[in-house]
Amino acid sequence: HISSSQHIATIQQVCNIFKVLVTTFPYYALSLPIKELKETVLLWGDELLCQEVNNIEKLSSPLESNFQSSAAGDYRCVPLIPTLEEIRSNRCPTNLQPNIIEGPYENWSHYYEVHFRLLREEFLAPLRRGVSGYLEGKRGRDLSDVTVYNSVEIIGTKLLPFGMCYKVWFDNSRFRKSGWEHSKRLLTGSLICLSPDEFKSIVLFATVAQKSPEDLQHGFLTVKFEHDVDMHHILSLKKTFVMVESKAFFEASRHIMLSLQSAEIETMPFTRYI
């Protein structure tokens, strides 16, 4: 049996770790579950811990603001996951540059930025075209860039080694019951977006975390949301979702884009030849 004091001591250690991460690795620390930590602290009602979490929130708030405001200028700060505005838009980004085949790049930073933005657009463009087409009333085979799943429900949670995930059910009546083991739909790592209001104001981005042909035959799937989601609020809406899956495989680009964002520039060799 663990005493209350031991619980509080453990939470205090977590707070200390979060504070170090926020101050030492600011942009990577934006993905920390600070909201969940605060909810846990509020349950215990310890005033000192509440103050500690409030201080962590104050440290992370300006970082998040800077992260969003600098996204358009510095490719290292661009979030991999798009926004609702991006997928609703029917226009390409204005900061895309073509791959230079003949002639030099300005420097390594220019080289990395060009390839990062092209890679991001490669998986974003089909999703943008698909959602725009869906909003225009296109359905079925008219949506060649995405697959749309209707009557999607979030039915429960599932704890996997890489974090909290959610089980969803979708209406698979228009899909063949067999053949899921060979299907390229809903591959592990595929990016999906769910909306309870036809992409008017709410969209939740997730990746396929776990699936099996047997589960897919019955419309079941496990996903991991890419951002902190207030699931109590979402579930309280008691609405079904439209789920859109891009046919561009996100996971294949994710790790390359992260590497391009974190690549060391100053010490790269052959700068004069780039």
# chains A, B, ... in the order shown; residues from 1 in each chain; ligands from 1
>>> residues_around(residues="region 35-47 of chain A", least_positions_apart="2", cutoff="10 Å", atoms="only C-alpha atoms", output="count of residues only")
21
>>> select_by_dssp(residues="region 1-222 of chain A", states="alpha helix (DSSP H)", output="PyMOL selection string")
chain A and resi 4-24+34-44+47-69+84-88+108-135+213-217
>>> closest_atom_pairs(of="region 54-150 of chain A", to="region 250-274 of chain A", cutoff="12 Å", atoms="only C-alpha atoms", output="Markdown table")
| residue | atom | partner | partner_atom | distance |
| --- | --- | --- | --- | --- |
| A:Ala71 | CA | A:Gln261 | CA | 11.9 |
| A:Asp74 | CA | A:Gln261 | CA | 9.6 |
| A:Tyr75 | CA | A:Gln261 | CA | 7.0 |
| A:Arg76 | CA | A:Gln261 | CA | 4.6 |
| A:Cys77 | CA | A:Gln261 | CA | 7.8 |
| A:Val78 | CA | A:Gln261 | CA | 8.7 |
| A:Pro79 | CA | A:Leu258 | CA | 9.7 |
| A:Leu80 | CA | A:Arg254 | CA | 7.3 |
| A:Ile81 | CA | A:Arg254 | CA | 9.4 |
| A:Pro82 | CA | A:Phe250 | CA | 11.6 |
| A:Ile100 | CA | A:Ile274 | CA | 10.4 |
| A:Ile101 | CA | A:Ile274 | CA | 11.2 |
| A:Glu102 | CA | A:Ile274 | CA | 11.1 |
| A:Gly103 | CA | A:Ile274 | CA | 9.1 |
| A:Pro104 | CA | A:Ile274 | CA | 5.9 |
| A:Tyr105 | CA | A:Ile274 | CA | 5.8 |
| A:Glu106 | CA | A:Ile274 | CA | 7.7 |
| A:Asn107 | CA | A:Ile274 | CA | 6.5 |
| A:Trp108 | CA | A:Ile265 | CA | 6.1 |
| A:Ser109 | CA | A:Ile265 | CA | 6.5 |
| A:His110 | CA | A:Ile274 | CA | 9.7 |
| A:Tyr111 | CA | A:Ile274 | CA | 7.8 |
| A:Tyr112 | CA | A:Leu260 | CA | 5.8 |
| A:Glu113 | CA | A:Leu260 | CA | 7.7 |
| A:Val114 | CA | A:Leu260 | CA | 10.0 |
| A:His115 | CA | A:Leu260 | CA | 8.1 |
| A:Phe116 | CA | A:Met257 | CA | 5.7 |
| A:Arg117 | CA | A:Met257 | CA | 8.6 |
| A:Leu118 | CA | A:Met257 | CA | 9.9 |
| A:Leu119 | CA | A:Ser253 | CA | 6.6 |
| A:Arg120 | CA | A:Met257 | CA | 7.6 |
| A:Glu121 | CA | A:Ser253 | CA | 10.4 |
| A:Glu122 | CA | A:Ser253 | CA | 8.8 |
| A:Phe123 | CA | A:Phe250 | CA | 6.2 |
| A:Leu124 | CA | A:Phe250 | CA | 8.9 |
| A:Ala125 | CA | A:Phe250 | CA | 11.7 |
| A:Pro126 | CA | A:Phe250 | CA | 11.1 |
| A:Leu127 | CA | A:Phe250 | CA | 10.6 |
>>> atom_distance(atom1="CA of Tyr134 (chain A)", atom2="CA of Val242 (chain A)")
10.4 Å
>>> decode(residues="region 227-238 of chain A", atoms="N, CA, C and O atoms", output="CSV table (one decimal), in the first residue's frame")
chain,number,residue,atom,x,y,z
A,227,HIS,N,-2.5,15.4,-30.5
A,227,HIS,CA,-2.4,16.5,-29.6
A,227,HIS,C,-3.2,16.1,-28.3
A,227,HIS,O,-4.0,15.2,-28.3
A,228,ASP,N,-3.0,16.9,-27.2
A,228,ASP,CA,-3.8,16.7,-26.0
A,228,ASP,C,-5.2,17.0,-26.4
A,228,ASP,O,-5.5,18.1,-27.0
A,229,VAL,N,-6.1,16.1,-26.0
A,229,VAL,CA,-7.5,16.2,-26.4
A,229,VAL,C,-8.3,16.2,-25.1
A,229,VAL,O,-8.1,15.3,-24.3
A,230,ASP,N,-9.2,17.1,-24.9
A,230,ASP,CA,-10.2,17.1,-23.8
A,230,ASP,C,-11.3,16.1,-24.1
A,230,ASP,O,-12.3,16.4,-24.6
A,231,MET,N,-11.0,14.8,-23.9
A,231,MET,CA,-11.9,13.7,-24.3
A,231,MET,C,-13.2,13.8,-23.5
A,231,MET,O,-14.3,13.4,-24.0
A,232,HIS,N,-13.2,14.3,-22.2
A,232,HIS,CA,-14.5,14.5,-21.5
A,232,HIS,C,-15.4,15.4,-22.2
A,232,HIS,O,-16.6,15.1,-22.4
A,233,HIS,N,-14.8,16.5,-22.8
A,233,HIS,CA,-15.7,17.4,-23.5
A,233,HIS,C,-16.1,16.8,-24.8
A,233,HIS,O,-17.3,16.9,-25.2
A,234,ILE,N,-15.2,16.2,-25.5
A,234,ILE,CA,-15.6,15.6,-26.8
A,234,ILE,C,-16.6,14.5,-26.7
A,234,ILE,O,-17.6,14.5,-27.5
A,235,LEU,N,-16.5,13.7,-25.7
A,235,LEU,CA,-17.5,12.6,-25.5
A,235,LEU,C,-18.8,13.1,-25.0
A,235,LEU,O,-19.8,12.6,-25.3
A,236,SER,N,-18.7,14.3,-24.3
A,236,SER,CA,-20.0,14.8,-23.8
A,236,SER,C,-20.9,15.4,-24.9
A,236,SER,O,-22.1,15.6,-24.7
A,237,LEU,N,-20.2,15.6,-26.1
A,237,LEU,CA,-21.0,16.1,-27.2
A,237,LEU,C,-22.0,15.0,-27.7
A,237,LEU,O,-23.0,15.3,-28.4
A,238,LYS,N,-21.6,13.8,-27.5
A,238,LYS,CA,-22.4,12.6,-27.8
A,238,LYS,C,-22.8,12.6,-29.3
A,238,LYS,O,-23.9,12.5,-29.8
